[in-house]
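Engineer: Below you will find the structure I want to go over with you.
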Amino acid sequence: MASTLKTSFIPLSPSCSPSPKPPFQLPSKTLISPHLFSHPSSLLLELCSDQRELHRFLPLIIKNGIFTEHVIQTKLVSLFSRFGQLRQATLVFDRVESKIDELYHTMLKGHAKNSILEDGLLFFAQMRLADVRPVVYNFTYLLKTCGDNVELRRGKELHSQLIAHGFGSNVFAMTAVVNMYAKCRHIEDARRMFDRMPERDLVAWNAIISGYAQNGLAKRALEFVFMMQREGKRPDSITLVSVLPACADVGSLRIGRAIHGYAVRAGFELLVNVSTALVDMYAKCGLIGIARLVFDRMRVKNVVSWNSMIDGYAQCGDSGEAMALFRKMLDEGVKPTGVSIMGALHACADSGDLEQGRHVHELLLRIGLGSDVSVMNSLIAMYSKCKRPDIAAEIFGNLSGKTLVSWNAMILGYAQNGRSNDALSLFCKMQRLNVKPDSFTLVSVIPALADISVLRQGKWIHGYAIRACLDRNIFVMTALVDMYAKCGGVHIARKLFDMMDERHVTTWNTMIDGYGTHGFGEEAVKLFEEMRRSPIKPNDVTFLCVLSACSHSGLVDEGRRYFVSMKQDYGIEPVMDHYGSMVDLLGRAGRLDEAWDFIRKMPIEPGISVFGAMLGACKIHQNIELGEKAAYRLFELEPDDAGYHVLLANIYKAASMWEDVAKVRTMMEKRGLKKTPGCSFIELKNEVHTFYSGSTSHPQTKMIYAKLEALVDEIKAAGYVPITNSIHDVEDDVKEKLLNTHSEKLAIAFGLINTSPGTTIQIRKNLRVCGDCHDATKFISLVTDREIIVRDMHRFHHFKGGLCSCNDYW
DNA sequence: GTCCTTTCCG
């Protein structure tokens, strides 16, 4: 019905009209007196609440011949614009023969408020060609559109035109200019224009204050609130709403509370946007309870209030309460927006609750948010955090209008799920598609490179960071330090670390841990002492790194001292992993009884990391009794982990307790556990070569085995004795053969064949390096005069001149 | 009639 009227009144395009006659005739002006109809009809039109009703009136207007009325024409354009029907508005506009200035102005407003900026500017140019004099609000509307679209170039053009028309000291126009610069992230220009204003009203002050707040210059925003008061302007509700996010930004509870007091005294607290901003401020300042109190006391809430509260819980890690509130919001019939959905997804991601996440996913599709890119990006992050990168990838693949954030979310998702190669290839793909990576991209992809441990690509990404001017970004640099350390370049890592002007606590932790995993315990301790003297305070992770460094280097006394100092000097309460590190420290050093005693005296129930460390130590020092105790606790705590079973089996093997070995095997079979096959990787030129124990699939297999045979003879002559006690049931020569096909030996032989003398060889092994391979590698480094760096599951081994950096301590 | 305002993905 409505659509028939629509087409009968205004054809969608001139050619759409089948009739030779125009669908309506403009009646001659003389027939009807203007004042008879203009006023009441205009009022009637005003009553239309949507475009459907408006269309119903149209035949009446035409019938009564009042379309010629300027007031009616303007009203029609205005209403169509307000209902978002810019096309209809334009058609009305085009129909009018003698257009008054106001009609132009209304049409321009319609363009500015509805359409893309370009249409508005084009119309503005046409208006000028028609000799219509611009008025101030032509500029204010257009400038606002520039700000909303972050169109600085257009904004500047309008700014200069505005001055040419003599509006340079008009307070409305100049406030719009200030706002435009602020929205285009040119806050300094905004400030200059603000300073140049001959007079400033409250709105102008609010514009510059919100400008500072939105540009992350919270302190300036707060300063300006004080300044405006010195100039006799009283902050209104909009001032408060603008400045409260700034309080949250600097975490200034003192000022936040003062503003709260002011709001109460001025009666602004009753306004929904003010109380919502207060909720947000308290939540961001860490007072989630107070935020909730303010929220619960609000008599009127809007969806933003709910969103602020939900996100407040999500941000502070209380995902349970965030989800509870989200459900409550739905129960109360408040329609969620994209922001609500993102808050809920954030909570699901944090708690790893895939089930709930799926429900939110269904809900967002139902309410039509399936094409909101931000929401979809959150969804990608949620599925990744819930360990379902496959689903995330599917969503990413189908997502139209991917933004940089989408790419970053997916790359991070792969990286966090151990799919480093996928992360890397996606990073390459985005560049082929000319999506320019930013610091977030690098921070996501660098750990993936660190994981693959390929120094060449690591250096390449470092170069990339430099070219992209991201090499002064503290997060990127910290990731690079970590990456170099993990790629075996611990000294390069330190050089980078020293070059940084600013370091976060994470930066220090990364470097200390880098030294630790390379077995440079003394360096780690030295760096930690340096950190203690610096303004950066160590945190719980710092102590984990230091304790682990001490443990890897056998610095028992230092480790013990730091464990005490952690609580005494820094007030950091040890958690499970700290206890685990201590057990590791004592256990590796052979003080197994002491370690067991330490476990028994722990103030908290010992967990996996504690018994895991104990079991590992028992393997190194062949303590069957304590090893069994630790292992059986682990089987209860983590029944599906094959690694602990294998460790216990290896302890039995080393003691030739074959019946017990068989018992553990049966246990594993019953539980359906499989031993992870050992494999080693080595990079040559741009390729990564993978070797499994006994593998014969490599094209150079024959050469590799021949090389290995020759090598074994050579190192035997130098004193190497194979450690065969972990193999059973076969003759000694077969045992040796089995040992000699271990993946790390194959990789080393391959490396020796394919690199020139003197080159360092880098190997990566997925499990712990075995005792015999460790011994053999020491001898190989001696007889070939090569440095061999092996990164295993836990640490680095630098083999050189017959010795290893771990001092046989791993 | 025109200028300023709250929640937001990695």
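In the structure tokens, the first chain shown is A, the next is B, and so on; residue numbers restart at 1 for each chain, and ligands run from 1 in the order shown.
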Which residues, written as a list in words, have at least one atom at most 6 Å from stretch 5-7 of chain B, with only C-alpha atoms (C1' of nucleotides) counted and residues fewer than 3 positions away on the same chain left out?

Structural biologist: Ile238, Val241, Ser242, Asn273, Thr276, Ala277, Val304, Asn307 and Ser308 of chain A

Engineer: Tell me which protein, DNA and RNA residues are within 10 Å of B:DT2, counting only C-alpha atoms (C1' of nucleotides), leaving out same-chain ones fewer than 6 positions away, and put them as an MDAnalysis selection string.

Structural biologist: chainID A and resid 109 135:141 172:173 176

Engineer: Next, write the just-selected residues to a file, as a short mmCIF file (atom, residue, chain, number, x, y, z; two decimals), in the first residue's frame, keeping N, CA and C atoms as the atom set.

Structural biologist:
```cif
data_model
loop_
_atom_site.label_atom_id
_atom_site.label_comp_id
_atom_site.auth_asym_id
_atom_site.auth_seq_id
_atom_site.Cartn_x
_atom_site.Cartn_y
_atom_site.Cartn_z
N LYS A 109 21.36 19.99 5.20
CA LYS A 109 21.34 19.36 6.53
C LYS A 109 21.06 17.86 6.37
N VAL A 135 25.00 29.88 5.15
CA VAL A 135 24.78 30.39 6.50
C VAL A 135 25.64 29.57 7.46
N VAL A 136 25.73 30.04 8.69
CA VAL A 136 26.64 29.39 9.64
C VAL A 136 26.35 27.90 9.77
N TYR A 137 25.07 27.58 9.88
CA TYR A 137 24.80 26.17 10.17
C TYR A 137 25.03 25.24 9.00
N ASN A 138 25.22 25.75 7.78
CA ASN A 138 25.69 24.89 6.70
C ASN A 138 27.05 24.32 7.12
N PHE A 139 27.88 25.20 7.66
CA PHE A 139 29.23 24.80 8.05
C PHE A 139 29.23 23.89 9.27
N THR A 140 28.40 24.24 10.25
CA THR A 140 28.42 23.41 11.47
C THR A 140 28.01 21.97 11.17
N TYR A 141 26.98 21.81 10.33
CA TYR A 141 26.55 20.45 9.99
C TYR A 141 27.63 19.70 9.23
N PHE A 172 29.49 29.34 17.29
CA PHE A 172 28.99 28.04 16.83
C PHE A 172 29.94 27.42 15.82
N ALA A 173 30.29 28.25 14.82
CA ALA A 173 31.15 27.76 13.74
C ALA A 173 32.50 27.31 14.30
N ALA A 176 32.44 24.13 16.20
CA ALA A 176 32.38 23.00 15.26
C ALA A 176 33.76 22.71 14.70
#
```

Engineer: Near A:Gly802, counting only C-alpha atoms (C1' of nucleotides), which residues have an atom at most 7 Å away, once you skip same-chain residues fewer than 3 positions from it, shown as number ranges by chain?

Structural biologist: A: 778-779, 781-782, 799

Engineer: Atom CA of A:Ala415 and atom CA of A:Val481 are how many Å apart?

Structural biologist: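 Spanning atom CA of A:Ala415 to atom CA of A:Val481 is a straight-line distance of 17.3 Å.
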
Engineer: Calculate how many Å separate atom CA of A:Lys486 from atom CA of A:His689, rounding to one decimal.

Structural biologist: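 Atom CA of A:His689 lies 18.4 Å from atom CA of A:Lys486.
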
Engineer: Figure out the distance between atom CA of A:Thr478 and atom CA of A:Arg560, please, to one decimal in Å.

Structural biologist: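 Computing the Euclidean distance for atom CA of A:Arg560 and atom CA of A:Thr478 yields 28.2 Å.
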
Engineer: Check the smallest atom-to-atom distance from each of A:Ile715, A:Leu54, A:Ala207, A:Val294 to B:DC4 using only C-alpha atoms (C1' of nucleotides), then report the winner.

Structural biologist: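 Between A:Ile715, A:Leu54, A:Ala207, A:Val294, the residue approaching B:DC4 most closely is A:Ala207.
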
Engineer: What lies within 7 Å of B:DC9 using only C-alpha atoms (C1' of nucleotides), ignoring chain neighbours under 3 positions off, as a list in words?

Structural biologist: Ser374, Val375, Asn377, Ser378 and Val405 of chain A

Engineer: Filtering to C-alpha atoms, could you give me those residues as a CSV table (one decimal), in the first residue's frame?

Structural biologist:
```csv
chain,number,residue,atom,x,y,z
A,374,SER,CA,33.6,-5.6,15.6
A,375,VAL,CA,31.3,-8.2,17.0
A,377,ASN,CA,36.2,-9.9,15.6
A,378,SER,CA,35.2,-10.5,19.3
A,405,VAL,CA,41.6,-6.0,13.9
```

Engineer: Which of these residues is nearest to B:DG1, using only C-alpha atoms (C1' of nucleotides): A:His105, A:Arg128, A:Arg185, A:Lys156?

Structural biologist: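 Going through A:His105, A:Arg128, A:Arg185, A:Lys156 one by one, the smallest distance to B:DG1 is for A:His105.
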
Engineer: In stretch 292-534 of chain A, what's alpha helix (DSSP H) per DSSP? Answer as a ChimeraX atom specification?

Structural biologist: /A:292-297,303-315,319-331,338-351,354-366,373-385,389-398,404-416,420-432,439-452,455-467,474-486,490-499,505-517,521-533

Engineer: Which residues come within 12 Å of A:Ile290, counting only C-alpha atoms (C1' of nucleotides), excluding same-chain residues fewer than 4 positions away, as a PyMOL selection string?

Structural biologist: chain A and resi 253+257+260+275+278-286+294-297+309+312

Engineer: Write out, as an mmCIF file, in the first residue's frame, the residues just selected, with C-alpha atoms.

Structural biologist:
```cif
data_model
loop_
_atom_site.group_PDB
_atom_site.id
_atom_site.type_symbol
_atom_site.label_atom_id
_atom_site.label_comp_id
_atom_site.auth_asym_id
_atom_site.auth_seq_id
_atom_site.Cartn_x
_atom_site.Cartn_y
_atom_site.Cartn_z
ATOM 1 C CA LEU A 253 39.789 7.992 41.940
ATOM 2 C CA ARG A 257 35.001 10.951 43.534
ATOM 3 C CA HIS A 260 30.709 12.333 41.772
ATOM 4 C CA SER A 275 25.390 7.983 36.328
ATOM 5 C CA LEU A 278 30.147 7.198 36.918
ATOM 6 C CA VAL A 279 29.571 3.451 36.781
ATOM 7 C CA ASP A 280 32.163 3.210 34.037
ATOM 8 C CA MET A 281 34.662 5.363 35.925
ATOM 9 C CA TYR A 282 34.398 3.371 39.159
ATOM 10 C CA ALA A 283 34.666 0.075 37.308
ATOM 11 C CA LYS A 284 37.764 1.208 35.426
ATOM 12 C CA CYS A 285 39.355 2.540 38.615
ATOM 13 C CA GLY A 286 39.013 -0.919 40.099
ATOM 14 C CA VAL A 294 25.732 3.289 41.630
ATOM 15 C CA PHE A 295 24.311 1.025 38.915
ATOM 16 C CA ASP A 296 21.758 -0.578 41.233
ATOM 17 C CA ARG A 297 20.651 2.805 42.525
ATOM 18 C CA MET A 309 28.503 -2.564 34.033
ATOM 19 C CA GLY A 312 33.322 -3.517 33.961
#
```

Engineer: Could you give me the residues within stretch 564-802 of chain A that DSSP places in strand (DSSP E), as JSON, numbers by chain?

Structural biologist: {"A": [679, 680, 681, 682, 683, 684, 687, 688, 689, 690, 691, 692, 761, 762, 763, 764, 765, 788, 789, 790, 791, 796, 797, 798, 799, 800]}

Engineer: Please provide as a VMD selection string all residues within 8 Å of stretch 701-704 of chain A, with the sequence filter that same-chain residues fewer than 3 positions apart are discarded (counting only C-alpha atoms (C1' of nucleotides)).

Structural biologist: chain A and resid 696 to 698 707 to 708 746 749 to 750 753

Engineer: Generate the output file for the selected residues, N, CA, C and O atoms, as an mmCIF file, in the first residue's frame.

Structural biologist:
```
data_model
loop_
_atom_site.group_PDB
_atom_site.id
_atom_site.type_symbol
_atom_site.label_atom_id
_atom_site.label_comp_id
_atom_site.auth_asym_id
_atom_site.auth_seq_id
_atom_site.Cartn_x
_atom_site.Cartn_y
_atom_site.Cartn_z
ATOM 1 N N THR A 696 63.522 -42.363 7.584
ATOM 2 C CA THR A 696 64.312 -42.636 6.377
ATOM 3 C C THR A 696 63.712 -41.920 5.176
ATOM 4 O O THR A 696 64.029 -42.233 4.039
ATOM 5 N N SER A 697 62.831 -40.972 5.450
ATOM 6 C CA SER A 697 62.109 -40.370 4.333
ATOM 7 C C SER A 697 62.851 -39.175 3.718
ATOM 8 O O SER A 697 62.484 -38.701 2.655
ATOM 9 N N HIS A 698 63.891 -38.718 4.399
ATOM 10 C CA HIS A 698 64.582 -37.543 3.864
ATOM 11 C C HIS A 698 65.384 -37.913 2.613
ATOM 12 O O HIS A 698 65.999 -38.979 2.551
ATOM 13 N N LYS A 707 77.111 -40.474 7.492
ATOM 14 C CA LYS A 707 77.800 -39.441 8.265
ATOM 15 C C LYS A 707 77.746 -39.780 9.756
ATOM 16 O O LYS A 707 78.737 -39.654 10.486
ATOM 17 N N LEU A 708 76.546 -40.246 10.174
ATOM 18 C CA LEU A 708 76.333 -40.557 11.577
ATOM 19 C C LEU A 708 77.247 -41.705 12.019
ATOM 20 O O LEU A 708 77.855 -41.651 13.089
ATOM 21 N N LEU A 746 70.121 -37.423 13.979
ATOM 22 C CA LEU A 746 69.892 -37.319 12.528
ATOM 23 C C LEU A 746 69.966 -35.861 12.089
ATOM 24 O O LEU A 746 70.586 -35.519 11.086
ATOM 25 N N ALA A 749 73.574 -34.604 12.132
ATOM 26 C CA ALA A 749 74.329 -35.129 10.991
ATOM 27 C C ALA A 749 73.953 -34.381 9.714
ATOM 28 O O ALA A 749 74.817 -33.968 8.933
ATOM 29 N N PHE A 750 72.666 -34.169 9.551
ATOM 30 C CA PHE A 750 72.191 -33.421 8.379
ATOM 31 C C PHE A 750 72.791 -32.009 8.373
ATOM 32 O O PHE A 750 73.250 -31.514 7.344
ATOM 33 N N ILE A 753 76.475 -32.042 7.362
ATOM 34 C CA ILE A 753 76.675 -32.277 5.922
ATOM 35 C C ILE A 753 76.436 -31.006 5.122
ATOM 36 O O ILE A 753 77.157 -30.680 4.194
#
```
